[in-house]
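Colleague: If it helps, the file is called target28.cif and holds mmCIF, C-alpha atoms (C1' of nucleotides) and all ligand atoms:
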```
data_my_file
loop_
_atom_site.label_atom_id
_atom_site.label_comp_id
_atom_site.auth_asym_id
_atom_site.auth_seq_id
_atom_site.Cartn_x
_atom_site.Cartn_y
_atom_site.Cartn_z
CA MET U 122 0.00 0.00 0.00
CA ARG U 123 1.50 3.23 -1.23
CA GLN U 124 -0.93 5.50 0.63
CA THR U 125 -0.22 3.99 4.04
CA GLN U 126 3.42 4.88 3.49
CA GLN U 127 2.55 8.47 2.71
CA ILE U 128 0.33 8.77 5.76
CA GLN U 129 3.09 7.34 7.96
CA GLN U 130 5.45 9.98 6.65
CA LEU U 131 2.89 12.71 7.29
CA LEU U 132 2.65 11.55 10.91
CA LYS U 133 6.42 11.40 11.36
CA ARG U 134 6.90 14.78 9.75
CA ASN U 135 4.64 16.10 12.51
CA GLN U 136 6.44 14.23 15.27
CA LEU U 137 3.51 11.97 15.96
CA SER U 138 3.86 8.28 16.71
CA VAL U 139 2.32 5.99 14.15
CA THR U 140 -0.68 4.23 15.62
CA ASP U 141 -3.59 2.28 14.17
CA SER U 142 -6.19 4.92 14.90
CA ARG U 143 -4.14 7.76 13.47
CA LEU U 144 -3.41 5.83 10.31
CA ARG U 145 -7.01 4.79 9.86
CA ILE U 146 -8.49 8.22 10.54
CA LEU U 147 -6.11 9.96 8.17
CA GLU U 148 -6.85 7.28 5.59
CA LEU U 149 -10.55 8.19 5.85
CA PHE U 150 -9.78 11.86 5.23
CA PHE U 151 -7.70 11.04 2.17
CA GLN U 152 -10.43 8.83 0.71
CA GLN U 153 -13.08 11.53 1.16
CA ASP U 154 -13.43 14.87 -0.49
CA GLY U 155 -16.11 16.21 1.83
CA ALA U 156 -15.56 16.98 5.48
CA LEU U 157 -16.03 14.47 8.28
CA ALA U 158 -17.71 14.84 11.64
CA HIS U 159 -16.73 12.83 14.68
CA ALA U 160 -19.76 10.59 14.21
CA ASP U 161 -18.89 9.85 10.58
CA ILE U 162 -15.44 8.72 11.62
CA GLU U 163 -16.81 6.54 14.36
CA LYS U 164 -19.04 4.75 11.84
CA LYS U 165 -16.64 4.54 8.92
CA SER U 166 -13.50 3.61 10.79
CA GLY U 167 -14.83 0.13 11.33
CA ALA U 168 -12.13 -0.90 13.75
CA GLY U 169 -14.16 0.19 16.78
CA PHE U 170 -11.83 2.79 18.16
CA ASP U 171 -12.98 4.34 21.39
CA ARG U 172 -14.89 7.60 21.07
CA VAL U 173 -12.37 9.32 23.26
CA THR U 174 -9.48 8.19 21.09
CA ILE U 175 -11.18 9.67 18.05
CA TYR U 176 -11.75 12.99 19.82
CA ARG U 177 -8.15 13.09 20.93
CA THR U 178 -6.81 12.10 17.54
CA LEU U 179 -8.83 14.82 15.82
CA GLN U 180 -7.67 17.40 18.34
CA THR U 181 -4.06 16.37 17.82
CA PHE U 182 -4.42 16.71 14.05
CA VAL U 183 -5.98 20.16 14.44
CA ASP U 184 -3.15 21.24 16.74
CA LYS U 185 -0.56 20.06 14.25
CA GLY U 186 -2.22 21.80 11.32
CA ILE U 187 -3.09 18.56 9.53
CA ILE U 188 -6.86 19.13 9.56
CA HIS U 189 -9.03 22.17 10.27
CA THR U 190 -12.47 22.56 11.77
CA ILE U 191 -15.45 23.86 9.83
CA PRO U 192 -18.16 25.74 11.70
CA THR U 193 -21.67 24.80 10.65
CA ALA U 194 -25.10 25.80 11.81
CA ASP U 195 -26.03 22.37 13.13
CA ASN U 196 -23.66 22.44 16.06
CA ALA U 197 -21.52 19.51 15.11
CA VAL U 198 -17.91 20.23 14.31
CA ARG U 199 -16.72 18.96 10.96
CA TYR U 200 -13.09 18.41 9.98
CA ALA U 201 -11.26 18.51 6.68
CA LEU U 202 -7.67 18.11 5.53
CA CYS U 203 -5.64 21.27 5.35
CA LYS U 204 -4.43 21.67 1.80
CA ASP U 205 -2.88 25.05 2.47
CA ASP U 206 0.40 25.53 4.26
CA CYS U 207 -0.84 25.03 7.79
CA THR U 208 1.64 24.33 10.50
CA GLN U 209 1.64 23.61 14.21
CA GLY U 210 -0.42 26.34 15.82
CA HIS U 211 -0.93 28.27 12.61
CA HIS U 212 -3.77 27.51 10.27
CA GLN U 213 -3.94 29.23 6.89
CA ASP U 214 -7.26 27.94 5.61
CA HIS U 215 -8.92 31.20 4.60
CA HIS U 216 -11.37 29.68 2.17
CA VAL U 217 -15.13 29.48 1.97
CA HIS U 218 -17.02 26.37 3.08
CA PHE U 219 -20.11 25.00 1.44
CA VAL U 220 -22.88 22.90 2.96
CA CYS U 221 -25.25 21.12 0.58
CA GLU U 222 -28.90 21.27 1.60
CA ARG U 223 -29.70 18.05 -0.25
CA CYS U 224 -26.91 15.65 0.65
CA SER U 225 -25.59 17.72 3.59
CA THR U 226 -22.03 17.20 2.43
CA THR U 227 -19.66 19.87 3.71
CA ILE U 228 -16.98 20.88 1.24
CA CYS U 229 -13.92 23.12 1.33
CA LEU U 230 -13.96 25.52 -1.59
CA GLU U 231 -10.20 25.92 -1.60
CA ASP U 232 -10.29 28.36 -4.50
CA VAL U 233 -12.91 30.69 -3.07
CA GLU U 234 -11.30 33.19 -0.74
CA VAL U 235 -13.13 34.82 2.14
CA PRO U 236 -13.91 38.37 0.95
CA ALA U 237 -12.77 41.38 2.97
CA ILE U 238 -15.57 42.68 5.15
CA ARG U 239 -15.84 46.40 5.83
CA LEU U 240 -16.66 46.81 9.51
CA PRO U 241 -18.07 49.85 11.34
CA GLU U 242 -15.73 52.25 13.16
CA GLY U 243 -14.18 50.71 16.28
CA TYR U 244 -14.28 47.06 15.22
CA THR U 245 -11.11 45.18 14.33
CA ALA U 246 -11.32 41.90 12.45
CA SER U 247 -8.85 39.10 12.95
CA HIS U 248 -10.56 36.28 11.12
CA ALA U 249 -13.79 35.68 9.24
CA GLU U 250 -15.70 32.46 8.64
CA VAL U 251 -17.96 32.13 5.62
CA VAL U 252 -20.31 29.20 5.24
CA VAL U 253 -22.45 29.10 2.12
CA ASN U 254 -25.52 26.87 2.05
CA GLY U 255 -27.04 25.65 -1.18
CA VAL U 256 -26.96 22.78 -3.64
CA CYS U 257 -23.68 21.11 -4.51
CA ARG U 258 -22.36 20.03 -7.86
CA ASN U 259 -23.35 16.40 -7.39
CA CYS U 260 -26.91 17.19 -6.37
CA SER U 261 -27.61 19.91 -8.94
CA GLN U 262 -28.12 17.71 -11.99
CA MET L 76 -43.86 49.70 32.80
CA ARG L 77 -44.10 50.86 29.20
CA GLN L 78 -41.80 48.12 27.83
CA THR L 79 -43.86 45.26 29.23
CA GLN L 80 -46.80 46.64 27.30
CA GLN L 81 -44.81 46.67 24.08
CA ILE L 82 -43.61 43.14 24.59
CA GLN L 83 -47.16 41.98 25.25
CA GLN L 84 -48.23 43.50 21.97
CA LEU L 85 -45.33 41.84 20.17
CA LEU L 86 -46.51 38.49 21.50
CA LYS L 87 -50.14 39.08 20.56
CA ARG L 88 -49.17 40.27 17.09
CA ASN L 89 -47.57 36.87 16.67
CA GLN L 90 -50.55 34.97 18.03
CA LEU L 91 -48.68 33.82 21.10
CA SER L 92 -50.21 33.69 24.53
CA VAL L 93 -48.68 36.00 27.07
CA THR L 94 -46.80 34.03 29.70
CA ASP L 95 -44.24 34.88 32.36
CA SER L 96 -41.39 33.13 30.66
CA ARG L 97 -42.07 34.68 27.26
CA LEU L 98 -42.31 38.16 28.74
CA ARG L 99 -39.17 37.74 30.77
CA ILE L 100 -37.09 36.26 27.99
CA LEU L 101 -38.10 38.94 25.51
CA GLU L 102 -37.38 41.55 28.14
CA LEU L 103 -33.83 40.19 28.39
CA PHE L 104 -33.38 40.51 24.64
CA PHE L 105 -34.60 44.12 24.67
CA GLN L 106 -32.25 45.06 27.50
CA GLN L 107 -29.25 43.56 25.75
CA ASP L 108 -27.53 44.62 22.59
CA GLY L 109 -25.42 41.52 22.19
CA ALA L 110 -26.78 38.08 21.47
CA LEU L 111 -27.83 35.60 24.15
CA ALA L 112 -27.17 31.89 24.46
CA HIS L 113 -29.49 29.50 26.21
CA ALA L 114 -27.18 29.40 29.23
CA ASP L 115 -27.14 33.22 29.52
CA ILE L 116 -30.90 33.30 29.62
CA GLU L 117 -31.04 30.58 32.22
CA LYS L 118 -28.75 32.61 34.46
CA LYS L 119 -30.13 36.08 33.83
CA SER L 120 -33.81 35.26 33.85
CA GLY L 121 -33.67 34.83 37.60
CA ALA L 122 -37.13 33.37 37.88
CA GLY L 123 -35.86 29.80 37.59
CA PHE L 124 -37.70 28.75 34.48
CA ASP L 125 -37.20 25.16 33.50
CA ARG L 126 -34.47 24.55 30.92
CA VAL L 127 -36.97 22.91 28.63
CA THR L 128 -39.27 25.91 28.79
CA ILE L 129 -36.42 28.15 27.73
CA TYR L 130 -35.53 25.90 24.83
CA ARG L 131 -39.12 25.79 23.70
CA THR L 132 -39.62 29.52 24.10
CA LEU L 133 -36.53 30.27 22.02
CA GLN L 134 -37.63 27.84 19.34
CA THR L 135 -41.07 29.45 19.22
CA PHE L 136 -39.56 32.91 18.82
CA VAL L 137 -37.31 31.67 16.02
CA ASP L 138 -40.28 30.06 14.26
CA LYS L 139 -42.24 33.30 14.49
CA GLY L 140 -39.40 35.43 13.19
CA ILE L 141 -38.94 37.32 16.47
CA ILE L 142 -35.35 36.21 17.03
CA HIS L 143 -32.75 34.56 14.81
CA THR L 144 -29.92 32.18 15.53
CA ILE L 145 -26.26 33.05 15.11
CA PRO L 146 -23.81 30.29 14.25
CA THR L 147 -20.52 30.52 16.12
CA ALA L 148 -17.42 28.41 16.23
CA ASP L 149 -17.88 27.32 19.83
CA ASN L 150 -20.89 25.17 19.10
CA ALA L 151 -23.37 26.98 21.27
CA VAL L 152 -26.29 28.60 19.49
CA ARG L 153 -26.75 32.29 20.19
CA TYR L 154 -29.95 34.23 19.61
CA ALA L 155 -30.65 37.88 18.80
CA LEU L 156 -33.71 39.98 18.05
CA CYS L 157 -34.67 40.27 14.41
CA LYS L 158 -34.65 43.94 13.48
CA ASP L 159 -35.32 43.24 9.83
CA ASP L 160 -38.73 42.34 8.47
CA CYS L 161 -38.75 38.73 9.50
CA THR L 162 -42.02 36.88 9.56
CA GLN L 163 -43.26 33.44 10.47
CA GLY L 164 -41.14 30.97 8.54
CA HIS L 165 -39.20 33.67 6.69
CA HIS L 166 -36.12 35.25 8.14
CA GLN L 167 -34.50 38.20 6.38
CA ASP L 168 -31.44 38.73 8.53
CA HIS L 169 -28.75 38.83 5.89
CA HIS L 170 -26.23 40.70 7.95
CA VAL L 171 -22.78 39.91 9.25
CA HIS L 172 -22.20 38.77 12.84
CA PHE L 173 -19.28 39.69 14.98
CA VAL L 174 -17.74 37.79 17.89
CA CYS L 175 -15.35 39.67 20.17
CA GLU L 176 -12.28 37.71 21.18
CA ARG L 177 -11.85 39.72 24.38
CA CYS L 178 -15.33 39.91 25.90
CA SER L 179 -16.85 37.19 23.67
CA THR L 180 -19.91 39.29 23.03
CA THR L 181 -21.73 38.34 19.86
CA ILE L 182 -23.18 41.26 17.95
CA CYS L 183 -25.42 41.69 14.92
CA LEU L 184 -23.87 44.16 12.50
CA GLU L 185 -27.22 45.11 10.99
CA ASP L 186 -25.63 47.53 8.56
CA VAL L 187 -23.02 45.17 7.20
CA GLU L 188 -24.49 43.04 4.44
CA VAL L 189 -23.21 39.60 3.57
CA PRO L 190 -21.20 40.05 0.36
CA ALA L 191 -22.04 38.02 -2.74
CA ILE L 192 -19.77 35.00 -3.02
CA ARG L 193 -18.73 33.75 -6.45
CA LEU L 194 -18.98 29.96 -6.40
CA PRO L 195 -17.42 27.43 -8.78
CA GLU L 196 -19.47 26.00 -11.66
CA GLY L 197 -22.24 23.68 -10.49
CA TYR L 198 -22.80 25.15 -7.05
CA THR L 199 -25.94 27.11 -6.23
CA ALA L 200 -26.06 29.30 -3.13
CA SER L 201 -29.23 29.87 -1.17
CA HIS L 202 -27.83 31.55 1.91
CA ALA L 203 -24.47 32.52 3.34
CA GLU L 204 -23.42 33.00 6.95
CA VAL L 205 -20.55 35.33 7.77
CA VAL L 206 -19.07 35.45 11.25
CA VAL L 207 -16.22 37.86 11.83
CA ASN L 208 -13.99 37.42 14.86
CA GLY L 209 -11.99 40.27 16.30
CA VAL L 210 -12.11 43.03 18.89
CA CYS L 211 -15.31 44.95 19.45
CA ARG L 212 -15.84 48.67 19.93
CA ASN L 213 -16.04 48.43 23.69
CA CYS L 214 -12.88 46.40 24.06
CA SER L 215 -10.73 48.30 21.57
CA GLN L 216 -9.95 51.35 23.67
"C1'" DG E 65 15.86 -7.88 18.89
"C1'" DC E 66 15.13 -6.59 23.69
"C1'" DT E 67 14.35 -3.32 27.34
"C1'" DA E 68 13.12 1.03 29.32
"C1'" DA E 69 10.98 5.37 28.71
"C1'" DA E 70 7.57 7.97 26.52
"C1'" DT E 71 3.28 8.17 24.38
"C1'" DT E 72 -1.28 6.61 23.31
"C1'" DT E 73 -5.35 4.01 24.21
"C1'" DG E 74 -9.64 2.36 26.46
"C1'" DC E 75 -12.53 2.57 30.24
"C1'" DA E 76 -15.34 4.79 33.57
"C1'" DA E 77 -17.33 8.66 35.01
"C1'" DC E 78 -18.80 13.00 34.20
"C1'" DA E 79 -20.76 17.71 32.27
"C1'" DG E 80 -23.44 20.26 29.04
"C1'" DA E 81 -26.69 20.83 25.22
"C1'" DG E 82 -30.80 19.61 23.38
"C1'" DT E 83 -35.23 16.57 22.69
"C1'" DT E 84 -39.62 14.08 23.76
"C1'" DG E 85 -43.93 12.38 26.26
"C1'" DC E 86 -47.01 13.41 29.47
"C1'" DA E 87 -49.64 15.17 33.41
"C1'" DA E 88 -50.50 19.47 35.82
"C1'" DG E 89 -50.95 24.32 35.46
"C1'" DA E 90 -51.96 28.71 33.32
"C1'" DA E 91 -54.00 31.61 29.55
"C1'" DT E 92 -57.55 32.36 26.38
"C1'" DT E 93 -62.16 32.00 24.58
"C1'" DT E 94 -67.18 31.89 25.22
"C1'" DA Z 266 -66.91 31.26 35.62
"C1'" DA Z 267 -66.38 27.10 32.96
"C1'" DA Z 268 -64.58 24.91 29.05
"C1'" DT Z 269 -61.07 24.77 25.86
"C1'" DT Z 270 -56.62 25.55 24.31
"C1'" DC Z 271 -52.02 26.24 25.06
"C1'" DT Z 272 -47.85 26.22 27.97
"C1'" DT Z 273 -45.06 24.57 31.66
"C1'" DG Z 274 -42.34 21.43 34.54
"C1'" DC Z 275 -40.67 17.04 35.35
"C1'" DA Z 276 -38.49 12.76 34.21
"C1'" DA Z 277 -36.05 10.34 31.19
"C1'" DC Z 278 -33.26 10.14 27.37
"C1'" DT Z 279 -29.72 11.08 23.40
"C1'" DC Z 280 -25.73 13.17 21.58
"C1'" DT Z 281 -21.40 15.70 21.99
"C1'" DG Z 282 -17.40 16.40 24.30
"C1'" DT Z 283 -14.01 16.19 28.50
"C1'" DT Z 284 -10.94 14.31 32.24
"C1'" DG Z 285 -8.19 10.95 35.24
"C1'" DC Z 286 -6.01 6.89 35.35
"C1'" DA Z 287 -4.27 2.24 34.49
"C1'" DA Z 288 -3.10 -0.83 30.71
"C1'" DA Z 289 -1.33 -1.29 26.17
"C1'" DT Z 290 1.40 0.27 22.47
"C1'" DT Z 291 5.06 2.84 20.26
"C1'" DT Z 292 9.57 4.66 20.13
"C1'" DA Z 293 14.34 5.07 21.28
"C1'" DG Z 294 18.60 3.24 23.27
"C1'" DC Z 295 21.43 -0.50 23.49
MN MN R 1 -11.76 23.98 4.63
MN MN R 2 -28.14 39.02 13.65
ZN ZN R 3 -25.14 17.73 -2.35
ZN ZN R 4 -15.56 42.97 23.22
#
```
How does the structure come out when it is put into structure tokens?
Modeller:
Amino acid sequence: MRQTQQIQQLLKRNQLSVTDSRLRILELFFQQDGALAHADIEKKSGAGFDRVTIYRTLQTFVDKGIIHTIPTADNAVRYALCKDDCTQGHHQDHHVHFVCERCSTTICLEDVEVPAIRLPEGYTASHAEVVVNGVCRNCSQ
Amino acid sequence: MRQTQQIQQLLKRNQLSVTDSRLRILELFFQQDGALAHADIEKKSGAGFDRVTIYRTLQTFVDKGIIHTIPTADNAVRYALCKDDCTQGHHQDHHVHFVCERCSTTICLEDVEVPAIRLPEGYTASHAEVVVNGVCRNCSQ
DNA sequence: GCTAAATTTGCAACAGAGTTGCAAGAATTT
DNA sequence: AAATTCTTGCAACTCTGTTGCAAATTTAGC
């Protein structure tokens, strides 16, 4: 398996020990193009990892800049691979996210940048999150 | 009390019976300019309304177009009064929301419209949510 | 390859957010 | 004021996420 090798290297590059759950969870992210919620991972991982392990693994990946969180209206955090140059403690994912109303897939629109927002006097922006709801490419035909 | 009168009328206009919890919760919203989360209301209401009553009251107000929800990154729904022309089943609040990193107040920027987002081929937008994080007017001096 | 140290995992127990059914209580209608 | 309608509180439950700790696994040194 070529991919397993690549994932191992990704872990080592981030000074993380190579464990079954980390390999499997990253594998899921690489097989998917939409985002994954904790519950999705619990179902799809198969191997019956403990819920807590999954939470901790996801948190570790976020800390290392391997995945990023996506805020959605339904109060369940979703995660997706960082394709930008994110590093430990410094995420760079300034793109728009899309949630499909039909299939409820959550997708990173890597090429759509968050527009600059003109704020009233006295407000200083540090970061903006844009989530667009609508119908995705798959569902619109 | 003049305000109580006004709140009563707001309830009647929406075909809602006038009850202690509804009066009190609306009163809190009118006294506040930031948004309120369920937990805030539970604390500030004083009168010890049941948690379930608060949840149901908030849901009713959202359904009627009296308040709207604000998505934030911390996975706790916040609510604010609708100042736009929202009606039963049809919210019109297309403004930007702001979350202060210092005081964590959540504010509706009624005058800041959500910009149009250009999506890739195949995607259709129906609604976009913009949440800007930063430092608010109060905290920036 | 084996051992010791460092890290990760699973379990149990917990906290918080939100939902549902139902009987009792209040508000509205007549 | 009584009957009807609607709302509330309670209990019980689900789902999401967190923490402490001992056991298991991984890594590093030899
Ligand atoms: Mn993304
Ligand atoms: Mn608002
Ligand atoms: Zn879709
Ligand atoms: Zn502030």
Colleague: What is the atom CA of Asn213 of chain L to atom CA of Val137 of chain L distance in Å?
Modeller: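 Interatomic distance here is 28.1 Å.
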Colleague: Could the residues that lie within 8 Å of ligand ZN 4 (chain R), counting only C-alpha atoms (C1' of nucleotides) and all ligand atoms, be listed as a list in words?
Modeller: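 Within the 8 Å cut-off, the matching residues are Val174, Cys175, Glu176, Arg177, Cys178, Ser179, Thr180, Val210, Cys211, Arg212, Asn213, Cys214 and Ser215 of chain L.
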Colleague: Starting from the point (-44.7, 12.4, 29.7), work out which residues of protein, DNA or RNA have an atom no more than 12 Å away when counting all atoms listed in the file; state them as a ChimeraX atom specification.
Modeller: /E:84-88 /Z:274-278
Colleague: Within 10 Å of ligand MN 2 (chain R), which residues show up when you count only C-alpha atoms (C1' of nucleotides) and all ligand atoms? List them as number ranges by chain, please.
Modeller: L: 109-110, 142-146, 153-159, 167-173, 181-185
Colleague: Limited to C-alpha atoms, could you put the picked residues into a file as a PDB file, in the frame of the given file?
Modeller:
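File part-v7.pdb, as written:
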```
ATOM      1  CA  GLY L 109     -25.420  41.520  22.190  1.00  0.00           C
ATOM      2  CA  ALA L 110     -26.780  38.080  21.470  1.00  0.00           C
ATOM      3  CA  ILE L 142     -35.350  36.210  17.030  1.00  0.00           C
ATOM      4  CA  HIS L 143     -32.750  34.560  14.810  1.00  0.00           C
ATOM      5  CA  THR L 144     -29.920  32.180  15.530  1.00  0.00           C
ATOM      6  CA  ILE L 145     -26.260  33.050  15.110  1.00  0.00           C
ATOM      7  CA  PRO L 146     -23.810  30.290  14.250  1.00  0.00           C
ATOM      8  CA  ARG L 153     -26.750  32.290  20.190  1.00  0.00           C
ATOM      9  CA  TYR L 154     -29.950  34.230  19.610  1.00  0.00           C
ATOM     10  CA  ALA L 155     -30.650  37.880  18.800  1.00  0.00           C
ATOM     11  CA  LEU L 156     -33.710  39.980  18.050  1.00  0.00           C
ATOM     12  CA  CYS L 157     -34.670  40.270  14.410  1.00  0.00           C
ATOM     13  CA  LYS L 158     -34.650  43.940  13.480  1.00  0.00           C
ATOM     14  CA  ASP L 159     -35.320  43.240   9.830  1.00  0.00           C
ATOM     15  CA  GLN L 167     -34.500  38.200   6.380  1.00  0.00           C
ATOM     16  CA  ASP L 168     -31.440  38.730   8.530  1.00  0.00           C
ATOM     17  CA  HIS L 169     -28.750  38.830   5.890  1.00  0.00           C
ATOM     18  CA  HIS L 170     -26.230  40.700   7.950  1.00  0.00           C
ATOM     19  CA  VAL L 171     -22.780  39.910   9.250  1.00  0.00           C
ATOM     20  CA  HIS L 172     -22.200  38.770  12.840  1.00  0.00           C
ATOM     21  CA  PHE L 173     -19.280  39.690  14.980  1.00  0.00           C
ATOM     22  CA  THR L 181     -21.730  38.340  19.860  1.00  0.00           C
ATOM     23  CA  ILE L 182     -23.180  41.260  17.950  1.00  0.00           C
ATOM     24  CA  CYS L 183     -25.420  41.690  14.920  1.00  0.00           C
ATOM     25  CA  LEU L 184     -23.870  44.160  12.500  1.00  0.00           C
ATOM     26  CA  GLU L 185     -27.220  45.110  10.990  1.00  0.00           C
TER      27      GLU L 185
END
```
Colleague: Hey, could you lay chain U over chain L with a least-squares C-alpha fit (all atoms, paired in order) and save it as a short mmCIF file (atom, residue, chain, number, x, y, z; two decimals) with C-alpha atoms, in the frame of the given file?
Modeller:
```cif
data_model
loop_
_atom_site.label_atom_id
_atom_site.label_comp_id
_atom_site.auth_asym_id
_atom_site.auth_seq_id
_atom_site.Cartn_x
_atom_site.Cartn_y
_atom_site.Cartn_z
CA MET U 122 -44.02 49.68 32.80
CA ARG U 123 -44.16 50.83 29.22
CA GLN U 124 -41.87 48.11 27.86
CA THR U 125 -43.92 45.24 29.26
CA GLN U 126 -46.86 46.61 27.30
CA GLN U 127 -44.87 46.66 24.10
CA ILE U 128 -43.64 43.11 24.62
CA GLN U 129 -47.20 41.93 25.27
CA GLN U 130 -48.27 43.47 21.99
CA LEU U 131 -45.37 41.82 20.17
CA LEU U 132 -46.53 38.45 21.53
CA LYS U 133 -50.16 39.04 20.58
CA ARG U 134 -49.22 40.26 17.13
CA ASN U 135 -47.59 36.85 16.68
CA GLN U 136 -50.56 34.94 18.06
CA LEU U 137 -48.68 33.80 21.12
CA SER U 138 -50.21 33.66 24.57
CA VAL U 139 -48.67 35.99 27.09
CA THR U 140 -46.82 34.02 29.73
CA ASP U 141 -44.25 34.89 32.38
CA SER U 142 -41.37 33.16 30.66
CA ARG U 143 -42.07 34.69 27.28
CA LEU U 144 -42.33 38.16 28.75
CA ARG U 145 -39.18 37.77 30.78
CA ILE U 146 -37.09 36.28 27.98
CA LEU U 147 -38.12 38.94 25.50
CA GLU U 148 -37.40 41.56 28.15
CA LEU U 149 -33.84 40.21 28.39
CA PHE U 150 -33.38 40.53 24.63
CA PHE U 151 -34.61 44.11 24.65
CA GLN U 152 -32.28 45.07 27.50
CA GLN U 153 -29.25 43.58 25.73
CA ASP U 154 -27.54 44.63 22.56
CA GLY U 155 -25.40 41.52 22.19
CA ALA U 156 -26.77 38.08 21.47
CA LEU U 157 -27.83 35.61 24.14
CA ALA U 158 -27.17 31.91 24.45
CA HIS U 159 -29.50 29.53 26.22
CA ALA U 160 -27.19 29.46 29.23
CA ASP U 161 -27.12 33.26 29.51
CA ILE U 162 -30.90 33.33 29.61
CA GLU U 163 -31.03 30.64 32.23
CA LYS U 164 -28.73 32.68 34.48
CA LYS U 165 -30.13 36.14 33.83
CA SER U 166 -33.81 35.31 33.87
CA GLY U 167 -33.69 34.90 37.61
CA ALA U 168 -37.15 33.44 37.92
CA GLY U 169 -35.88 29.86 37.62
CA PHE U 170 -37.72 28.82 34.52
CA ASP U 171 -37.19 25.23 33.54
CA ARG U 172 -34.47 24.60 30.98
CA VAL U 173 -36.96 22.95 28.70
CA THR U 174 -39.28 25.94 28.82
CA ILE U 175 -36.43 28.20 27.76
CA TYR U 176 -35.53 25.92 24.85
CA ARG U 177 -39.13 25.81 23.74
CA THR U 178 -39.64 29.53 24.12
CA LEU U 179 -36.55 30.28 22.04
CA GLN U 180 -37.65 27.84 19.36
CA THR U 181 -41.09 29.43 19.25
CA PHE U 182 -39.57 32.89 18.85
CA VAL U 183 -37.32 31.65 16.04
CA ASP U 184 -40.30 30.07 14.28
CA LYS U 185 -42.26 33.29 14.52
CA GLY U 186 -39.41 35.42 13.21
CA ILE U 187 -38.97 37.32 16.47
CA ILE U 188 -35.36 36.22 17.04
CA HIS U 189 -32.76 34.56 14.82
CA THR U 190 -29.94 32.16 15.54
CA ILE U 191 -26.28 33.05 15.09
CA PRO U 192 -23.84 30.30 14.19
CA THR U 193 -20.56 30.49 16.07
CA ALA U 194 -17.49 28.34 16.19
CA ASP U 195 -17.94 27.28 19.80
CA ASN U 196 -20.96 25.11 19.17
CA ALA U 197 -23.43 26.97 21.29
CA VAL U 198 -26.32 28.60 19.49
CA ARG U 199 -26.77 32.28 20.19
CA TYR U 200 -29.96 34.25 19.59
CA ALA U 201 -30.65 37.88 18.80
CA LEU U 202 -33.72 39.98 18.06
CA CYS U 203 -34.67 40.28 14.44
CA LYS U 204 -34.64 43.94 13.53
CA ASP U 205 -35.34 43.27 9.87
CA ASP U 206 -38.75 42.37 8.53
CA CYS U 207 -38.78 38.73 9.55
CA THR U 208 -42.03 36.90 9.61
CA GLN U 209 -43.31 33.45 10.48
CA GLY U 210 -41.16 31.00 8.57
CA HIS U 211 -39.23 33.68 6.72
CA HIS U 212 -36.15 35.26 8.17
CA GLN U 213 -34.54 38.22 6.42
CA ASP U 214 -31.46 38.73 8.57
CA HIS U 215 -28.77 38.82 5.90
CA HIS U 216 -26.22 40.69 7.95
CA VAL U 217 -22.76 39.91 9.25
CA HIS U 218 -22.19 38.75 12.83
CA PHE U 219 -19.25 39.68 14.97
CA VAL U 220 -17.72 37.76 17.87
CA CYS U 221 -15.33 39.64 20.15
CA GLU U 222 -12.24 37.68 21.14
CA ARG U 223 -11.83 39.65 24.35
CA CYS U 224 -15.30 39.85 25.86
CA SER U 225 -16.81 37.12 23.64
CA THR U 226 -19.88 39.24 23.03
CA THR U 227 -21.71 38.30 19.84
CA ILE U 228 -23.17 41.24 17.96
CA CYS U 229 -25.40 41.68 14.93
CA LEU U 230 -23.86 44.14 12.51
CA GLU U 231 -27.20 45.10 11.01
CA ASP U 232 -25.62 47.52 8.57
CA VAL U 233 -23.00 45.15 7.19
CA GLU U 234 -24.49 43.03 4.44
CA VAL U 235 -23.21 39.58 3.57
CA PRO U 236 -21.19 40.04 0.36
CA ALA U 237 -22.01 38.02 -2.75
CA ILE U 238 -19.73 35.02 -3.06
CA ARG U 239 -18.68 33.81 -6.50
CA LEU U 240 -18.89 30.03 -6.47
CA PRO U 241 -17.32 27.51 -8.86
CA GLU U 242 -19.35 26.08 -11.75
CA GLY U 243 -22.10 23.71 -10.59
CA TYR U 244 -22.68 25.18 -7.13
CA THR U 245 -25.83 27.11 -6.32
CA ALA U 246 -25.98 29.28 -3.22
CA SER U 247 -29.14 29.83 -1.25
CA HIS U 248 -27.80 31.49 1.85
CA ALA U 249 -24.45 32.51 3.29
CA GLU U 250 -23.39 33.00 6.90
CA VAL U 251 -20.52 35.32 7.73
CA VAL U 252 -19.04 35.44 11.21
CA VAL U 253 -16.19 37.87 11.78
CA ASN U 254 -13.96 37.41 14.82
CA GLY U 255 -11.95 40.25 16.27
CA VAL U 256 -12.08 43.00 18.87
CA CYS U 257 -15.28 44.92 19.45
CA ARG U 258 -15.80 48.61 19.92
CA ASN U 259 -16.01 48.38 23.70
CA CYS U 260 -12.83 46.35 24.05
CA SER U 261 -10.70 48.26 21.54
CA GLN U 262 -9.94 51.33 23.64
#
```
Colleague: Hey, could you make a per-residue contact list for chain L against ligand ZN 3 (chain R) with 12 Å as the cut-off, showing the nearest pair of atoms and its distance in Å to one decimal, counting all atoms listed in the file, sorted by chain and number, as CSV?
Modeller:
```
residue,atom,partner,partner_atom,distance
L:Gly197,CA,R:ZN3,ZN,10.5
L:Tyr198,CA,R:ZN3,ZN,9.1
L:Thr199,CA,R:ZN3,ZN,10.2
L:Ala200,CA,R:ZN3,ZN,11.6
```
Colleague: Take the residues just selected and output them with C-alpha atoms as a JSON list (two decimals), in the coordinates of the input.
Modeller:
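What ended up in part-v4.json:
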```json
[["chain", "number", "residue", "atom", "x", "y", "z"],
["L", 197, "GLY", "CA", -22.24, 23.68, -10.49],
["L", 198, "TYR", "CA", -22.80, 25.15, -7.05],
["L", 199, "THR", "CA", -25.94, 27.11, -6.23],
["L", 200, "ALA", "CA", -26.06, 29.30, -3.13]]
```
